[in-house]
Amino acid sequence: MKKGATPLSKQQSTPCFRTEMPRHFPKVSMSEKEEKVCLLAQKVYASVLKDEDSSDALSLFCVPEDCPIGLHEDQERELQKELAEQQSKESIKKKRNFKLKRSQSVSLQFPPDFPHEITVTDSSEPIFSETFPDFQRVTISGDYCAGITVEDYEQATKSLLQALVIREKYSKLIYHHFPRTTARFLREAENEKWQEEDEVLPDIWPCPHEGEDPYSMEGIPEDLNYELQMKGGIVFVYDSAEALKQDQHHSLPYPDFETFAIDLSYVLAMIADGPTKTYCHRRLNFLDSKFYLHEMLNEMAELKELKRVPHRDFYNVRKVDTHIHAAACMNQKHLLKFIKTTYKEEADRVVLEKDGQKITLKEVFKKLKMDPYDLTVDSLDVHAGRHTFHRFDKFNSKYNPVGANELREIYLKTDNYIKGEYFARLIKEVAKELEESRYQHTEPRLSIYGRSTSEWESLATWFIQHKVHSPNMRWMIQIPRIYDIFRSRKLFPNFAKMLENIFLPLFEATVNPQKHKSIHVFLKYVTGFDSVDDESKHSDHMFSYKSPKPEEWTTDKNPPYTYYLFYMYANIMVLNNLRKERGLNTFQFRPHCGEAGSITHLVSAFLTADNISHGLNLKKSPVLQYLYYLAQVPIAMSPLSNNSLFLQYSKNPLREFLHKGLCVSLSTDDPMQFHYTKEPLMEEYAIAAQLWKLSTCDLCEIARNSVLQSGLSHQEKKHFIGSNYLQDGPEGNDIHQTNVAQIRMAYRYETLRNELSFLVDAVKTEVSEGQTE
């Protein structure tokens, strides 16, 4: 540790098992093979750009539900391929080896160090003792890869494993969590042993204890005297001014744009690969059907298990609203009541200043020609409905009460004439209701636009001055993708300047917290970053390794979604490694993704994001959906929000994703626009339960997922969902805290291991064949 660096704070809670941090970003050079993959990926991009606005925009990636393999000619071709394979001695030998490997798969799925006794029955299914409950398991016998040729199976499994390895690499570098079960199998495929010491986790500080001052500026670390410089859109750190002159940057992992483009191309090429699509589609259908059978056989057993749990039920398990915007965190009735109260008590208060003229609240309403006493939720007009469907522009206007931008500035902004006082009071009222409910938490998003470097100081001052902290709230920072708007106003010369305004103040506050005390204190309670805007907006730039650097992006056009995500990921990654070195908390990257627009957005997020919000378009790509399942990428879904904007509630894939085993949770997005009650998160759960007939176990599983994917600290998660929550399966579940049946946890665990074992079996069989030869 450098001179002047401080040791780990006593507040830091997440265990760090690694003795050494990942100190470099492994670069990949462009070879002939990579060039071909990139060309294929560019064709995928080109196809999306060409057809983005048509109804068939995603036909390249979709496997139609009514005809899974495609047209009749394609089915005939596949049949001929299988018949030819049956005559091939090599294929027969491979199938025999696969079958032998599968018969030994129990020993693969449960390594020697696995801490449970296992009994193997004739069906090759494990029966556990102690932690693992006994229930009716669904088994499949016979030719497990019927309907797909051996060559296609090998190709699909290799591609899927490679994609998982790529995600693991990016997750570790930025200190995102990667699931242990998947990591174990990846190490098994590499003939290595997974070790707990290799696990990388985010460092998030817990809430201050009762009696502690959350805004205290004591014990702030000293200045490191490092130099900072942005190059190629990424902030580089130097030990001294001399090191900066010699371009000898501090030992941190700095991402390489070309390497990212190559890795992205691999996954992009996968989603357009026929055999991989077919394999993933079949496995997803199997998972859906398997859960249906599991539910039919074990629903009553799960219910009996829950009834035996004292004190705990759905109402008093912890739930986290992991996707909510601060400017809309209150319901419309709450906002209306607050507006009337402030007018009644503070009508003569100066709340605006325009053109040097100070304007009172009474004058504002007089100018709008309305009396707040006559306002209703209908005239307030902040609720979304049928008229906002596929109209994001109309939806954004709903942030303006009664259509007046002045009221938005007065009541829903942190930086205004009254220094964001009304907005702070609104949020504190919402926080008080959460604290009274006790079992609900939220992660409101506050905006940083990148207009200037002073935004961070202003936001931090607002947070501390108005004492907005609450034990039931964690804070996220959202970065709107609106470079084109700022560039058209000549606010900065290129995209790099916007990135510098966003990230340089964070690096400065990390290197020299003494000079930026407010930002340092505020960042203790920030858990992550989000990238927001209308995903359906068209971008005619095709992302590739040849894309211009941020300093060269001087056009008024907005960079594509993937471009934004890479440079946000890159800077957060460097920042996290620097903060980790200083013993400070790290941040997660949790963008909006898959709500609308191109399927390529989900590919970018698969590499860069810890978890995503929405994820609707996963339904349109079987390969990506299966990858998100295997990697257990958390997805915060908001069916009521989608119902008003992009997708009818009945068509929302949340129930389907839950059945298949994807890590989904429920969130509100914007209670002001979409909800009616004082408890919008409970409203979200109640409507989902009624419409889809979700069981208590289903609801509690969704609630547990919300805690897992949230920005709560390690200590808080241990308290809320169990001390062993990092373990997968029933061993990591405390039913007395989560109210999730151990039968359900065992089913999810065994099913995931089974799917991963299919991938590893193919690789291990190929290796053993090569050794035999």
# chains A, B, ... in the order shown; residues from 1 in each chain; ligands from 1
$ residues_around --residues "segment 607-617 of chain A" --least-positions-apart "3" --cutoff "8 Å" --atoms "only C-alpha atoms" --output "PyMOL selection string"
chain A and resi 166-167+170-171+176-177+264+323+565-566+569+588-596+599+602-604+620-621+633-638+652-653+709
$ atom_distance --atom1 "atom CA of Ile502 of chain A" --atom2 "atom CA of Lys419 of chain A"
20.8 Å
$ residues_around --residues "Tyr215 of chain A" --least-positions-apart "6" --cutoff "8 Å" --atoms "only C-alpha atoms" --output "list in words"
Ile464, Lys467 and Val521 of chain A
$ write_last_selection --atoms "N, CA and C atoms" --output "short mmCIF file (atom, residue, chain, number, x, y, z; two decimals), in the first residue's frame"
data_model
loop_
_atom_site.label_atom_id
_atom_site.label_comp_id
_atom_site.auth_asym_id
_atom_site.auth_seq_id
_atom_site.Cartn_x
_atom_site.Cartn_y
_atom_site.Cartn_z
N ILE A 464 -26.12 15.79 2.26
CA ILE A 464 -25.67 16.01 3.64
C ILE A 464 -26.45 17.13 4.31
N LYS A 467 -29.85 15.97 5.16
CA LYS A 467 -29.84 14.73 5.95
C LYS A 467 -30.83 13.71 5.39
N VAL A 521 -18.17 11.43 1.77
CA VAL A 521 -19.22 10.95 2.68
C VAL A 521 -20.41 10.42 1.89
#
$ closest_residue --among "A:Lys304, A:Lys333, A:Arg438, A:His294" --to "Lys660 of chain A" --atoms "only C-alpha atoms"
A:His294
$ select_by_dssp --residues "segment 124-292 of chain A" --states "strand (DSSP E or B)" --output "VMD selection string"
chain A and resid 126 to 128 227 to 231 234 to 238 249
$ write_last_selection --atoms "N, CA and C atoms" --output "compact mmCIF listing (two decimals), in the first residue's frame"
# COMPACT_ATOMS: atom_id res chain seq x y z
N PRO A 126 -28.92 -37.83 -7.56
CA PRO A 126 -28.43 -37.84 -6.19
C PRO A 126 -29.55 -37.67 -5.17
N ILE A 127 -29.43 -38.38 -4.06
CA ILE A 127 -30.33 -38.18 -2.93
C ILE A 127 -29.49 -37.75 -1.75
N PHE A 128 -29.84 -36.62 -1.17
CA PHE A 128 -28.99 -36.00 -0.16
C PHE A 128 -29.50 -36.32 1.24
N GLU A 227 -1.61 11.68 -9.52
CA GLU A 227 -2.02 12.51 -10.66
C GLU A 227 -3.05 11.72 -11.48
N LEU A 228 -3.98 12.45 -12.09
CA LEU A 228 -5.05 11.82 -12.88
C LEU A 228 -5.09 12.42 -14.27
N GLN A 229 -5.37 11.57 -15.25
CA GLN A 229 -5.50 12.07 -16.62
C GLN A 229 -6.42 11.14 -17.40
N MET A 230 -7.35 11.71 -18.16
CA MET A 230 -8.22 10.89 -18.99
C MET A 230 -7.58 10.68 -20.35
N LYS A 231 -7.47 9.41 -20.75
CA LYS A 231 -6.93 9.07 -22.06
C LYS A 231 -7.85 8.04 -22.70
N ILE A 234 -10.90 6.95 -20.68
CA ILE A 234 -10.72 6.23 -19.41
C ILE A 234 -9.75 7.02 -18.54
N VAL A 235 -10.07 7.17 -17.26
CA VAL A 235 -9.20 7.90 -16.34
C VAL A 235 -8.02 7.01 -15.95
N PHE A 236 -6.81 7.52 -16.16
CA PHE A 236 -5.59 6.82 -15.76
C PHE A 236 -5.02 7.47 -14.50
N VAL A 237 -4.42 6.64 -13.65
CA VAL A 237 -3.89 7.10 -12.37
C VAL A 237 -2.37 7.00 -12.39
N TYR A 238 -1.68 8.04 -11.90
CA TYR A 238 -0.22 8.07 -11.89
C TYR A 238 0.26 8.37 -10.47
N HIS A 249 1.78 4.63 -15.64
CA HIS A 249 0.57 4.71 -14.82
C HIS A 249 0.62 3.74 -13.65
$ closest_residue --among "A:Leu434, A:Leu627, A:Leu161, A:Met672" --to "Asn331 of chain A" --atoms "only C-alpha atoms"
A:Met672
$ residues_around --residues "Phe257 of chain A" --least-positions-apart "2" --cutoff "12 Å" --atoms "only C-alpha atoms" --output "CSV table (one decimal) with all heavy atoms, in the first residue's frame"
chain,number,residue,atom,x,y,z
A,25,PHE,N,-5.6,-6.0,-17.0
A,25,PHE,CA,-6.7,-6.4,-17.9
A,25,PHE,C,-6.1,-7.3,-19.0
A,25,PHE,O,-5.3,-6.8,-19.8
A,25,PHE,CB,-7.3,-5.2,-18.5
A,25,PHE,CG,-8.5,-5.5,-19.4
A,25,PHE,CD1,-9.8,-5.6,-18.8
A,25,PHE,CD2,-8.4,-5.6,-20.7
A,25,PHE,CE1,-10.9,-5.8,-19.6
A,25,PHE,CE2,-9.5,-5.9,-21.5
A,25,PHE,CZ,-10.8,-6.0,-20.9
A,26,PRO,N,-6.4,-8.6,-19.1
A,26,PRO,CA,-5.8,-9.4,-20.1
A,26,PRO,C,-6.3,-9.0,-21.5
A,26,PRO,O,-7.4,-9.1,-21.9
A,26,PRO,CB,-6.4,-10.8,-19.8
A,26,PRO,CG,-7.6,-10.6,-18.9
A,26,PRO,CD,-7.4,-9.3,-18.2
A,27,LYS,N,-5.3,-8.6,-22.3
A,27,LYS,CA,-5.6,-8.1,-23.7
A,27,LYS,C,-5.6,-9.3,-24.7
A,27,LYS,O,-4.8,-10.3,-24.6
A,27,LYS,CB,-4.6,-7.1,-24.1
A,27,LYS,CG,-4.7,-5.8,-23.3
A,27,LYS,CD,-3.8,-4.7,-23.8
A,27,LYS,CE,-3.9,-3.5,-22.9
A,27,LYS,NZ,-3.0,-2.4,-23.4
A,28,VAL,N,-6.4,-9.2,-25.7
A,28,VAL,CA,-6.5,-10.1,-26.8
A,28,VAL,C,-6.1,-9.4,-28.1
A,28,VAL,O,-6.7,-8.3,-28.4
A,28,VAL,CB,-7.9,-10.7,-26.9
A,28,VAL,CG1,-8.0,-11.7,-28.1
A,28,VAL,CG2,-8.3,-11.5,-25.7
A,29,SER,N,-5.2,-9.9,-28.9
A,29,SER,CA,-4.8,-9.2,-30.1
A,29,SER,C,-5.7,-9.7,-31.2
A,29,SER,O,-6.2,-10.9,-31.2
A,29,SER,CB,-3.3,-9.5,-30.4
A,29,SER,OG,-3.1,-10.8,-30.5
A,30,MET,N,-5.8,-8.9,-32.3
A,30,MET,CA,-6.7,-9.3,-33.4
A,30,MET,C,-6.0,-10.2,-34.3
A,30,MET,O,-5.1,-9.9,-35.1
A,30,MET,CB,-7.1,-8.0,-34.1
A,30,MET,CG,-8.1,-8.2,-35.3
A,30,MET,SD,-9.7,-8.7,-34.7
A,30,MET,CE,-10.3,-7.2,-33.9
A,231,LYS,N,-7.5,9.4,-20.7
A,231,LYS,CA,-6.9,9.1,-22.1
A,231,LYS,C,-7.8,8.0,-22.7
A,231,LYS,O,-8.2,7.0,-22.1
A,231,LYS,CB,-5.5,8.5,-21.9
A,231,LYS,CG,-4.5,9.5,-21.5
A,231,LYS,CD,-3.1,8.9,-21.7
A,231,LYS,CE,-2.9,7.5,-21.0
A,231,LYS,NZ,-1.5,7.0,-21.2
A,232,GLY,N,-8.3,8.3,-23.9
A,232,GLY,CA,-9.1,7.4,-24.6
A,232,GLY,C,-10.4,7.1,-23.9
A,232,GLY,O,-11.0,6.0,-24.0
A,233,GLY,N,-10.9,8.1,-23.2
A,233,GLY,CA,-12.2,8.0,-22.5
A,233,GLY,C,-12.1,7.3,-21.1
A,233,GLY,O,-13.1,7.1,-20.5
A,234,ILE,N,-10.9,6.9,-20.7
A,234,ILE,CA,-10.7,6.2,-19.4
A,234,ILE,C,-9.7,7.0,-18.5
A,234,ILE,O,-8.7,7.5,-19.0
A,234,ILE,CB,-10.2,4.8,-19.7
A,234,ILE,CG1,-11.1,4.0,-20.5
A,234,ILE,CG2,-9.9,4.1,-18.3
A,234,ILE,CD1,-10.6,2.7,-21.0
A,254,TYR,N,-6.5,-1.5,-16.6
A,254,TYR,CA,-7.1,-0.5,-17.5
A,254,TYR,C,-7.7,-1.3,-18.7
A,254,TYR,O,-6.9,-1.9,-19.5
A,254,TYR,CB,-6.1,0.5,-18.0
A,254,TYR,CG,-5.5,1.3,-16.8
A,254,TYR,CD1,-4.3,0.9,-16.2
A,254,TYR,CD2,-6.1,2.4,-16.3
A,254,TYR,CE1,-3.7,1.6,-15.2
A,254,TYR,CE2,-5.6,3.1,-15.2
A,254,TYR,CZ,-4.4,2.7,-14.7
A,254,TYR,OH,-3.9,3.4,-13.6
A,255,PRO,N,-9.0,-1.2,-19.0
A,255,PRO,CA,-9.6,-1.9,-20.0
A,255,PRO,C,-9.1,-1.6,-21.4
A,255,PRO,O,-8.6,-0.4,-21.7
A,255,PRO,CB,-11.1,-1.6,-19.9
A,255,PRO,CG,-11.2,-1.1,-18.6
A,255,PRO,CD,-9.9,-0.4,-18.2
A,259,THR,N,-9.9,-5.4,-27.1
A,259,THR,CA,-10.2,-6.7,-26.5
A,259,THR,C,-11.7,-6.8,-26.2
A,259,THR,O,-12.3,-7.9,-26.4
A,259,THR,CB,-9.4,-6.8,-25.2
A,259,THR,OG1,-8.0,-6.7,-25.5
A,259,THR,CG2,-9.7,-8.1,-24.5
A,260,PHE,N,-12.3,-5.8,-25.7
A,260,PHE,CA,-13.7,-5.8,-25.4
A,260,PHE,C,-14.5,-6.0,-26.7
A,260,PHE,O,-15.5,-6.8,-26.7
A,260,PHE,CB,-14.2,-4.5,-24.8
A,260,PHE,CG,-15.7,-4.4,-24.6
A,260,PHE,CD1,-16.3,-5.0,-23.5
A,260,PHE,CD2,-16.4,-3.6,-25.5
A,260,PHE,CE1,-17.7,-4.9,-23.4
A,260,PHE,CE2,-17.8,-3.5,-25.3
A,260,PHE,CZ,-18.4,-4.2,-24.3
A,261,ALA,N,-14.1,-5.4,-27.8
A,261,ALA,CA,-14.9,-5.6,-29.0
A,261,ALA,C,-14.8,-7.0,-29.5
A,261,ALA,O,-15.7,-7.6,-30.0
A,261,ALA,CB,-14.3,-4.6,-30.1
A,262,ILE,N,-13.6,-7.6,-29.3
A,262,ILE,CA,-13.4,-9.1,-29.7
A,262,ILE,C,-14.3,-10.0,-28.9
A,262,ILE,O,-15.0,-10.9,-29.4
A,262,ILE,CB,-12.0,-9.5,-29.6
A,262,ILE,CG1,-11.1,-8.7,-30.7
A,262,ILE,CG2,-11.8,-11.0,-29.8
A,262,ILE,CD1,-9.6,-8.9,-30.5
A,263,ASP,N,-14.3,-9.7,-27.5
A,263,ASP,CA,-15.1,-10.6,-26.6
A,263,ASP,C,-16.6,-10.4,-26.9
A,263,ASP,O,-17.3,-11.4,-26.9
A,263,ASP,CB,-14.8,-10.2,-25.2
A,263,ASP,CG,-13.4,-10.6,-24.7
A,263,ASP,OD1,-12.9,-11.6,-25.3
A,263,ASP,OD2,-12.9,-10.0,-23.8
A,264,LEU,N,-17.0,-9.2,-27.2
A,264,LEU,CA,-18.4,-8.9,-27.5
A,264,LEU,C,-18.7,-9.6,-28.8
A,264,LEU,O,-19.8,-10.2,-28.9
A,264,LEU,CB,-18.6,-7.4,-27.7
A,264,LEU,CG,-20.0,-6.9,-27.9
A,264,LEU,CD1,-20.8,-7.0,-26.6
A,264,LEU,CD2,-20.0,-5.5,-28.5
A,543,PHE,N,-21.3,-0.4,-33.8
A,543,PHE,CA,-20.2,-0.5,-32.8
A,543,PHE,C,-19.2,-1.6,-33.3
A,543,PHE,O,-19.6,-2.7,-33.6
A,543,PHE,CB,-20.7,-0.9,-31.4
A,543,PHE,CG,-19.6,-1.1,-30.4
A,543,PHE,CD1,-19.2,0.0,-29.7
A,543,PHE,CD2,-19.1,-2.3,-30.2
A,543,PHE,CE1,-18.2,-0.1,-28.7
A,543,PHE,CE2,-18.1,-2.5,-29.2
A,543,PHE,CZ,-17.7,-1.4,-28.5
A,544,SER,N,-17.9,-1.3,-33.2
A,544,SER,CA,-16.8,-2.3,-33.5
A,544,SER,C,-15.5,-1.8,-33.0
A,544,SER,O,-15.5,-0.7,-32.4
A,544,SER,CB,-16.7,-2.5,-35.1
A,544,SER,OG,-16.1,-1.4,-35.7
A,545,TYR,N,-14.5,-2.6,-33.1
A,545,TYR,CA,-13.2,-2.1,-32.6
A,545,TYR,C,-12.6,-1.0,-33.4
A,545,TYR,O,-11.7,-0.3,-33.0
A,545,TYR,CB,-12.2,-3.3,-32.7
A,545,TYR,CG,-11.8,-3.8,-34.1
A,545,TYR,CD1,-10.7,-3.3,-34.7
A,545,TYR,CD2,-12.6,-4.7,-34.8
A,545,TYR,CE1,-10.3,-3.7,-36.0
A,545,TYR,CE2,-12.3,-5.1,-36.0
A,545,TYR,CZ,-11.1,-4.6,-36.6
A,545,TYR,OH,-10.8,-5.1,-37.9
A,546,LYS,N,-13.3,-0.6,-34.5
A,546,LYS,CA,-12.9,0.5,-35.3
A,546,LYS,C,-13.6,1.8,-34.9
A,546,LYS,O,-13.4,2.9,-35.5
A,546,LYS,CB,-13.1,0.2,-36.8
A,546,LYS,CG,-12.2,-0.9,-37.3
A,546,LYS,CD,-12.6,-1.2,-38.8
A,546,LYS,CE,-11.8,-2.4,-39.3
A,546,LYS,NZ,-12.1,-2.7,-40.7
A,547,SER,N,-14.5,1.7,-34.0
A,547,SER,CA,-15.3,2.9,-33.6
A,547,SER,C,-14.3,4.0,-33.0
A,547,SER,O,-13.3,3.7,-32.4
A,547,SER,CB,-16.3,2.5,-32.4
A,547,SER,OG,-17.3,1.6,-32.9
A,548,PRO,N,-14.7,5.2,-33.3
A,548,PRO,CA,-13.8,6.3,-32.9
A,548,PRO,C,-13.6,6.4,-31.3
A,548,PRO,O,-14.6,6.0,-30.6
A,548,PRO,CB,-14.4,7.6,-33.4
A,548,PRO,CG,-15.9,7.2,-33.6
A,548,PRO,CD,-15.9,5.8,-34.0
A,549,LYS,N,-12.5,6.8,-30.9
A,549,LYS,CA,-12.3,7.1,-29.4
A,549,LYS,C,-13.2,8.2,-29.0
A,549,LYS,O,-13.6,9.1,-29.8
A,549,LYS,CB,-10.8,7.4,-29.2
A,549,LYS,CG,-9.9,6.2,-29.5
A,549,LYS,CD,-10.1,5.1,-28.5
A,549,LYS,CE,-9.0,4.1,-28.5
A,549,LYS,NZ,-8.7,3.4,-29.8
A,550,PRO,N,-13.5,8.3,-27.7
A,550,PRO,CA,-14.3,9.4,-27.2
A,550,PRO,C,-13.8,10.8,-27.6
A,550,PRO,O,-14.6,11.7,-27.8
A,550,PRO,CB,-14.3,9.2,-25.7
A,550,PRO,CG,-14.1,7.7,-25.5
A,550,PRO,CD,-13.2,7.3,-26.6
A,562,THR,N,-24.0,0.3,-26.7
A,562,THR,CA,-22.8,-0.5,-26.3
A,562,THR,C,-21.6,0.4,-26.0
A,562,THR,O,-20.8,0.1,-25.1
A,562,THR,CB,-22.4,-1.5,-27.4
A,562,THR,OG1,-23.6,-2.4,-27.6
A,562,THR,CG2,-21.2,-2.4,-27.0
A,563,TYR,N,-21.5,1.5,-26.8
A,563,TYR,CA,-20.4,2.4,-26.6
A,563,TYR,C,-20.5,3.1,-25.2
A,563,TYR,O,-19.5,3.2,-24.5
A,563,TYR,CB,-20.5,3.5,-27.7
A,563,TYR,CG,-19.3,4.3,-27.9
A,563,TYR,CD1,-18.3,3.9,-28.8
A,563,TYR,CD2,-19.1,5.6,-27.3
A,563,TYR,CE1,-17.1,4.7,-29.0
A,563,TYR,CE2,-18.0,6.4,-27.5
A,563,TYR,CZ,-17.0,6.0,-28.4
A,563,TYR,OH,-15.9,6.7,-28.6
A,565,LEU,N,-22.0,1.8,-22.6
A,565,LEU,CA,-21.8,0.8,-21.6
A,565,LEU,C,-20.3,0.5,-21.4
A,565,LEU,O,-19.9,0.3,-20.2
A,565,LEU,CB,-22.6,-0.5,-21.9
A,565,LEU,CG,-23.8,-0.7,-21.0
A,565,LEU,CD1,-24.8,0.4,-21.2
A,565,LEU,CD2,-24.5,-2.1,-21.3
A,566,PHE,N,-19.6,0.4,-22.5
A,566,PHE,CA,-18.2,0.0,-22.3
A,566,PHE,C,-17.4,1.1,-21.5
A,566,PHE,O,-16.7,0.8,-20.6
A,566,PHE,CB,-17.5,-0.2,-23.6
A,566,PHE,CG,-16.0,-0.3,-23.5
A,566,PHE,CD1,-15.4,-1.4,-23.0
A,566,PHE,CD2,-15.2,0.8,-23.9
A,566,PHE,CE1,-14.0,-1.5,-22.8
A,566,PHE,CE2,-13.8,0.7,-23.7
A,566,PHE,CZ,-13.2,-0.4,-23.2
A,567,TYR,N,-17.6,2.4,-21.9
A,567,TYR,CA,-16.9,3.4,-21.2
A,567,TYR,C,-17.3,3.7,-19.8
A,567,TYR,O,-16.5,4.1,-18.9
A,567,TYR,CB,-16.9,4.7,-22.0
A,567,TYR,CG,-15.9,4.6,-23.2
A,567,TYR,CD1,-16.4,4.4,-24.5
A,567,TYR,CD2,-14.6,4.6,-23.0
A,567,TYR,CE1,-15.5,4.3,-25.6
A,567,TYR,CE2,-13.7,4.5,-24.1
A,567,TYR,CZ,-14.2,4.3,-25.3
A,567,TYR,OH,-13.3,4.1,-26.4
A,569,TYR,N,-18.5,1.1,-17.9
A,569,TYR,CA,-17.8,-0.1,-17.2
A,569,TYR,C,-16.3,0.1,-17.0
A,569,TYR,O,-15.8,-0.1,-15.9
A,569,TYR,CB,-18.0,-1.4,-18.1
A,569,TYR,CG,-17.2,-2.5,-17.7
A,569,TYR,CD1,-17.6,-3.4,-16.7
A,569,TYR,CD2,-15.9,-2.7,-18.2
A,569,TYR,CE1,-16.9,-4.5,-16.2
A,569,TYR,CE2,-15.1,-3.8,-17.8
A,569,TYR,CZ,-15.6,-4.7,-16.8
A,569,TYR,OH,-14.8,-5.7,-16.4
A,570,ALA,N,-15.7,0.6,-18.0
A,570,ALA,CA,-14.2,0.8,-18.0
A,570,ALA,C,-13.8,1.7,-16.8
A,570,ALA,O,-12.9,1.4,-16.0
A,570,ALA,CB,-13.7,1.4,-19.3
$ residues_around --residues "His469 of chain A" --least-positions-apart "3" --cutoff "9 Å" --atoms "only C-alpha atoms" --output "list of chain:residue names"
A:Pro214, A:Tyr215, A:Lys428, A:Ala431, A:Phe463, A:Ile464, A:His466, A:Asn472, A:Met473, A:Arg474, A:Tyr525
$ residues_around --residues "Pro179 of chain A" --least-positions-apart "4" --cutoff "10 Å" --atoms "only C-alpha atoms" --output "PyMOL selection string"
chain A and resi 168+183-184+199+630-633+726-728
$ write_last_selection --atoms "C-alpha atoms" --output "short mmCIF file (atom, residue, chain, number, x, y, z; two decimals), in the first residue's frame"
data_model
loop_
_atom_site.label_atom_id
_atom_site.label_comp_id
_atom_site.auth_asym_id
_atom_site.auth_seq_id
_atom_site.Cartn_x
_atom_site.Cartn_y
_atom_site.Cartn_z
CA GLU A 168 -16.53 -14.25 -15.33
CA ALA A 183 -17.57 -20.89 -11.25
CA ARG A 184 -17.07 -24.44 -9.91
CA GLU A 199 -13.92 -15.45 -5.19
CA LEU A 630 -26.46 -20.22 -16.52
CA ALA A 631 -24.67 -17.13 -15.18
CA GLN A 632 -27.63 -16.32 -12.88
CA VAL A 633 -27.53 -12.68 -13.96
CA LEU A 726 -23.14 -16.88 -0.33
CA GLN A 727 -23.52 -20.66 -0.54
CA ASP A 728 -25.74 -21.92 -3.36
#
$ closest_residue --among "A:Phe606, A:Gln625, A:Asn571, A:Tyr483" --to "Asp556 of chain A" --atoms "only C-alpha atoms"
A:Tyr483
$ atom_distance --atom1 "atom CA of Glu212 of chain A" --atom2 "atom CA of Glu457 of chain A"
23.3 Å
$ select_by_dssp --residues "segment 224-434 of chain A" --states "helix (DSSP H, G or I)" --output "PyMOL selection string"
chain A and resi 241-245+257-271+274-307+314-316+326-328+332-346+361-367+372-374+377-380+386-388+392-397+401-403+405-411+421-434
